[in-house]
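Structure file upload.cif (mmCIF, C-alpha atoms) follows.
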data_structure
loop_
_atom_site.label_atom_id
_atom_site.label_comp_id
_atom_site.auth_asym_id
_atom_site.auth_seq_id
_atom_site.Cartn_x
_atom_site.Cartn_y
_atom_site.Cartn_z
CA MET A 1 51.61 -108.03 15.54
CA LEU A 2 54.99 -106.96 16.91
CA ALA A 3 58.21 -108.35 15.56
CA HIS A 4 60.20 -110.47 18.00
CA GLY A 5 62.92 -107.80 18.38
CA LYS A 6 60.36 -105.11 19.27
CA VAL A 7 58.86 -107.33 21.98
CA ARG A 8 62.28 -107.65 23.62
CA VAL A 9 62.76 -103.88 23.53
CA ILE A 10 59.33 -103.34 25.11
CA ARG A 11 60.12 -105.85 27.85
CA ARG A 12 63.55 -104.30 28.50
CA PHE A 13 62.24 -100.72 28.61
CA PRO A 14 60.76 -100.92 32.15
CA ARG A 15 64.08 -102.24 33.50
CA LYS A 16 66.05 -99.43 31.87
CA ALA A 17 63.60 -96.60 32.63
CA PHE A 18 62.87 -97.72 36.20
CA PRO A 19 65.78 -99.85 37.40
CA GLU A 20 64.62 -99.57 41.01
CA SER A 21 61.12 -100.94 40.34
CA ARG A 22 59.80 -102.62 37.23
CA ARG A 23 56.41 -102.84 38.95
CA LYS A 24 56.25 -99.03 39.11
CA ALA A 25 56.85 -98.89 35.37
CA TYR A 26 53.92 -101.23 34.75
CA TYR A 27 51.73 -99.19 37.10
CA LEU A 28 52.59 -96.02 35.21
CA ARG A 29 51.87 -97.73 31.90
CA SER A 30 48.46 -98.80 33.18
CA ILE A 31 47.74 -95.23 34.26
CA HIS A 32 48.76 -93.92 30.85
CA GLU A 33 46.67 -96.49 28.96
CA HIS A 34 43.44 -96.15 30.92
CA LEU A 35 43.07 -92.58 32.15
CA PRO A 36 41.54 -89.82 30.06
CA PRO A 37 43.79 -86.82 29.23
CA GLU A 38 42.08 -84.46 31.69
CA VAL A 39 42.99 -86.79 34.57
CA LYS A 40 46.56 -87.33 33.35
CA ARG A 41 47.18 -83.57 33.51
CA GLU A 42 46.27 -83.60 37.21
CA LEU A 43 48.37 -86.61 38.22
CA THR A 44 51.16 -84.49 39.66
CA GLN A 45 48.69 -83.17 42.24
CA VAL A 46 47.33 -86.57 43.29
CA GLY A 47 50.36 -88.81 42.81
CA TRP A 48 50.86 -92.00 40.87
CA THR A 49 49.51 -94.29 43.62
CA LYS A 50 46.12 -92.60 43.51
CA GLY A 51 46.48 -92.45 39.73
CA LEU A 52 46.70 -96.22 39.70
CA GLU A 53 43.43 -96.42 41.68
CA LEU A 54 41.85 -94.03 39.16
CA ALA A 55 43.09 -96.26 36.34
CA LYS A 56 41.39 -99.27 37.98
CA LEU A 57 38.11 -97.37 37.93
CA ALA A 58 38.54 -96.19 34.36
CA ARG A 59 39.44 -99.70 33.21
CA ALA A 60 36.44 -101.21 35.02
CA LYS A 61 34.09 -98.64 33.51
CA GLU A 62 35.72 -99.11 30.08
CA GLY A 63 35.43 -95.38 29.45
CA HIS A 64 31.67 -95.37 30.07
CA ASP A 65 30.18 -93.75 33.14
CA PHE A 66 33.60 -92.81 34.54
CA ASP A 67 32.99 -89.50 36.28
CA CYS A 68 36.60 -88.40 36.24
CA ALA A 69 35.95 -84.94 37.78
CA THR A 70 34.29 -86.41 40.87
CA TRP A 71 36.93 -89.10 41.31
CA LEU A 72 39.75 -86.63 40.74
CA HIS A 73 38.27 -84.41 43.47
CA LYS A 74 38.10 -87.40 45.82
CA ALA A 75 41.71 -88.28 44.97
CA ARG A 76 42.83 -84.78 45.92
CA ALA A 77 40.76 -84.60 49.11
CA LEU A 78 41.16 -88.06 50.66
CA PRO A 79 44.23 -89.72 52.17
CA LYS A 80 45.69 -92.59 50.11
CA GLU A 81 44.22 -95.48 52.14
CA GLU A 82 40.76 -93.91 52.37
CA PHE A 83 40.75 -93.19 48.63
CA ALA A 84 41.71 -96.81 47.90
CA ARG A 85 38.79 -97.96 50.09
CA GLU A 86 36.41 -95.68 48.17
CA VAL A 87 37.62 -97.14 44.86
CA GLU A 88 37.22 -100.69 46.18
CA LYS A 89 33.72 -99.82 47.38
CA GLU A 90 32.85 -98.48 43.93
CA LEU A 91 34.26 -101.53 42.16
CA THR A 92 32.88 -104.25 44.44
CA GLY A 93 29.81 -102.59 45.90
CA LYS A 94 31.06 -103.46 49.38
CA ASP A 95 32.58 -101.19 51.98
CA SER A 96 35.82 -102.79 53.11
CA GLU A 97 36.87 -102.69 56.70
CA GLN A 98 39.97 -100.73 57.63
CA TRP A 99 42.98 -102.96 58.12
CA GLU A 100 46.35 -102.96 59.75
CA ILE A 101 49.43 -105.11 59.29
CA ILE A 102 50.62 -106.69 62.52
CA TYR A 103 54.16 -107.96 62.90
CA PHE A 104 55.35 -110.51 65.42
CA LYS A 105 58.19 -112.95 65.65
CA LEU A 106 57.69 -116.70 65.32
CA TYR A 107 60.39 -119.26 65.90
CA LYS A 108 61.04 -121.59 62.97
CA SER A 109 59.60 -124.47 65.00
CA GLN A 110 56.33 -122.53 65.44
CA VAL A 111 55.78 -121.69 61.76
CA PRO A 112 54.50 -125.14 60.66
CA ILE A 113 52.00 -125.24 63.53
CA VAL A 114 50.67 -121.76 62.79
CA GLU A 115 50.52 -122.44 59.03
CA HIS A 116 48.71 -125.74 59.62
CA ALA A 117 46.19 -124.09 61.95
CA ILE A 118 45.45 -121.31 59.44
CA GLU A 119 45.20 -123.82 56.60
CA THR A 120 42.80 -126.00 58.62
CA ALA A 121 40.68 -122.98 59.56
CA GLY A 122 40.59 -122.02 55.87
CA LEU A 123 39.29 -125.47 54.96
CA MET A 124 36.62 -125.27 57.66
CA LEU A 125 35.55 -121.71 56.88
CA GLY A 126 35.85 -121.93 53.10
CA SER A 127 38.88 -121.54 50.90
CA ASP A 128 37.89 -118.01 49.89
CA LYS A 129 38.52 -116.64 53.39
CA ALA A 130 41.61 -114.51 53.96
CA ARG A 131 44.38 -115.77 56.21
CA GLY A 132 43.78 -112.90 58.62
CA TYR A 133 40.15 -113.89 58.94
CA CYS A 134 41.15 -117.50 59.60
CA LEU A 135 43.53 -116.34 62.32
CA GLU A 136 40.73 -114.26 63.84
CA MET A 137 38.48 -117.34 63.99
CA ILE A 138 41.25 -119.40 65.61
CA CYS A 139 41.65 -116.67 68.24
CA ALA A 140 37.87 -116.44 68.75
CA ASP A 141 37.73 -120.20 69.25
CA PHE A 142 40.53 -119.99 71.81
CA LEU A 143 38.81 -117.15 73.66
CA ALA A 144 35.54 -119.07 73.69
CA GLY A 145 37.28 -122.06 75.23
CA ALA A 146 39.11 -119.87 77.72
CA SER A 147 35.85 -118.24 78.84
CA LEU A 148 34.01 -121.51 79.49
CA ASP A 149 34.55 -120.96 83.19
CA GLY A 150 31.75 -118.35 83.07
CA THR A 151 33.83 -115.27 83.86
CA ARG A 152 33.16 -113.70 80.44
CA PRO A 153 30.03 -115.27 78.92
CA GLU A 154 29.72 -112.46 76.33
CA VAL A 155 32.93 -113.70 74.65
CA LEU A 156 31.52 -117.21 74.38
CA LEU A 157 28.18 -115.91 73.07
CA ASN A 158 29.91 -113.73 70.47
CA THR A 159 32.05 -116.65 69.28
CA LEU A 160 29.10 -119.02 69.07
CA SER A 161 27.05 -116.51 67.06
CA THR A 162 29.98 -115.96 64.68
CA PHE A 163 30.37 -119.70 64.09
CA PHE A 164 26.59 -120.13 63.75
CA ARG A 165 26.58 -117.76 60.75
CA PHE A 166 28.96 -120.08 58.90
CA LEU A 167 26.63 -123.07 59.12
CA PRO A 168 24.56 -123.83 56.02
CA GLY A 169 20.84 -123.02 56.40
CA GLU A 170 19.73 -126.58 57.13
CA GLN A 171 22.40 -127.01 59.81
CA GLN A 172 21.40 -123.67 61.36
CA GLN A 173 17.81 -124.97 61.58
CA ALA A 174 18.96 -128.27 63.07
CA PHE A 175 21.13 -126.48 65.62
CA THR A 176 18.26 -124.14 66.57
CA ALA A 177 15.90 -127.14 66.93
CA MET A 178 18.46 -128.89 69.12
CA LEU A 179 18.74 -125.82 71.33
CA ASN A 180 14.96 -125.51 71.59
CA THR A 181 14.51 -129.14 72.62
CA GLY A 182 17.36 -128.95 75.10
CA ALA A 183 16.09 -125.69 76.60
CA ARG A 184 12.77 -127.18 77.71
#
Since I need it in another form, could you write the structure as structure tokens?
Amino acid sequence: MLAHGKVRVIRRFPRKAFPESRRKAYYLRSIHEHLPPEVKRELTQVGWTKGLELAKLARAKEGHDFDCATWLHKARALPKEEFAREVEKELTGKDSEQWEIIYFKLYKSQVPIVEHAIETAGLMLGSDKARGYCLEMICADFLAGASLDGTRPEVLLNTLSTFFRFLPGEQQQAFTAMLNTGAR
């Protein structure tokens, strides 16, 4: 166990060594603690951002089954965002969709309305859904309503099928039965 004075020195070190970013110091410490020596020697070629992704893999594998040569090759060959997607795919088993940050201005009076709409969509869709996904569903709902005039029925069909997937199994069956009885 560390003495109290040593703990303070350890906590102060990141601020002194990296005054511009304490977070970077913690990232570098994570890289140092989790990567094998053969990968650490190559970090100057791949950069510390990709090194952090490699450290995530090494930590998840706990030293077992971490094919550092293959992952180091991928780190050298792939752009940063694509490499991060590959690491996420390896860790979660799911291929993540590419993303983009969109900026737009809201007036202060608009913020509560937008926040409330996203929060409500999150409650309806499930609290585990990302805010961007909730905003997408709000927009899809709007487009479905806007296309009720019949000019773009494919938009309405796409929206309905998206919402249908969120229904629990028994409600999907009830909805399908309702459609079948109404279609006759």
Given all atoms listed in the file as the basis, pick out the residue of A:Cys68, A:Ala174, A:Leu57, A:Cys134 nearest to Lys40 in chain A. A:Cys68
For Ser96 in chain A: contacts at 8 Å, only C-alpha atoms, fewer than 3 positions along chain excluded, given as a PyMOL selection string: chain A and resi 85+88-89
Fewer than 3 positions away in the same chain doesn't count, so skip those; otherwise give me all residues within 12 Å of Arg76 in chain A, counting all atoms listed in the file, as a VMD selection string. chain A and resid 39 42 to 51 54 69 to 73 79 to 80 82 to 83
Written selection (C-alpha atoms) as a PDB file, in the coordinates of the input:
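Okay, this is what ended up in again-v5.pdb:
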ATOM      1  CA  VAL A  39      42.990 -86.790  34.570  1.00  0.00           C
ATOM      2  CA  GLU A  42      46.270 -83.600  37.210  1.00  0.00           C
ATOM      3  CA  LEU A  43      48.370 -86.610  38.220  1.00  0.00           C
ATOM      4  CA  THR A  44      51.160 -84.490  39.660  1.00  0.00           C
ATOM      5  CA  GLN A  45      48.690 -83.170  42.240  1.00  0.00           C
ATOM      6  CA  VAL A  46      47.330 -86.570  43.290  1.00  0.00           C
ATOM      7  CA  GLY A  47      50.360 -88.810  42.810  1.00  0.00           C
ATOM      8  CA  TRP A  48      50.860 -92.000  40.870  1.00  0.00           C
ATOM      9  CA  THR A  49      49.510 -94.290  43.620  1.00  0.00           C
ATOM     10  CA  LYS A  50      46.120 -92.600  43.510  1.00  0.00           C
ATOM     11  CA  GLY A  51      46.480 -92.450  39.730  1.00  0.00           C
ATOM     12  CA  LEU A  54      41.850 -94.030  39.160  1.00  0.00           C
ATOM     13  CA  ALA A  69      35.950 -84.940  37.780  1.00  0.00           C
ATOM     14  CA  THR A  70      34.290 -86.410  40.870  1.00  0.00           C
ATOM     15  CA  TRP A  71      36.930 -89.100  41.310  1.00  0.00           C
ATOM     16  CA  LEU A  72      39.750 -86.630  40.740  1.00  0.00           C
ATOM     17  CA  HIS A  73      38.270 -84.410  43.470  1.00  0.00           C
ATOM     18  CA  PRO A  79      44.230 -89.720  52.170  1.00  0.00           C
ATOM     19  CA  LYS A  80      45.690 -92.590  50.110  1.00  0.00           C
ATOM     20  CA  GLU A  82      40.760 -93.910  52.370  1.00  0.00           C
ATOM     21  CA  PHE A  83      40.750 -93.190  48.630  1.00  0.00           C
TER      22      PHE A  83
END
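Of note, CA of Lys94 in chain A and CA of Thr159 in chain A are spaced 23.9 Å apart.
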Grab all the atoms of range 95-103 of chain A that the file lists, wrap them in a box along x, y and z, add 5 Å per side, and give me centre plus edge lengths in Å (one decimal) as AutoDock Vina command-line options.
--center_x 43.4 --center_y -104.3 --center_z 57.4 --size_x 31.6 --size_y 17.2 --size_z 20.9
Between A:Glu154, A:Asp67, A:Glu100, A:Glu62, which has the minimum distance to Glu38 in chain A (counting all atoms listed in the file)?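 So, comparing all the options, the nearest one is A:Asp67.
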What do you get, as a list in words, if you spell out every residue that the PyMOL selection byres ((chain A and resi 137) around 10) selects here?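 Going through the file, the PyMOL selection byres ((chain A and resi 137) around 10) ends up selecting Ile118, Ala121, Gly122, Leu125, Arg131, Gly132, Tyr133, Cys134, Leu135, Glu136, Ile138, Cys139, Ala140, Asp141, Phe142, Leu143, Thr159, Thr162 and Phe163 of chain A.
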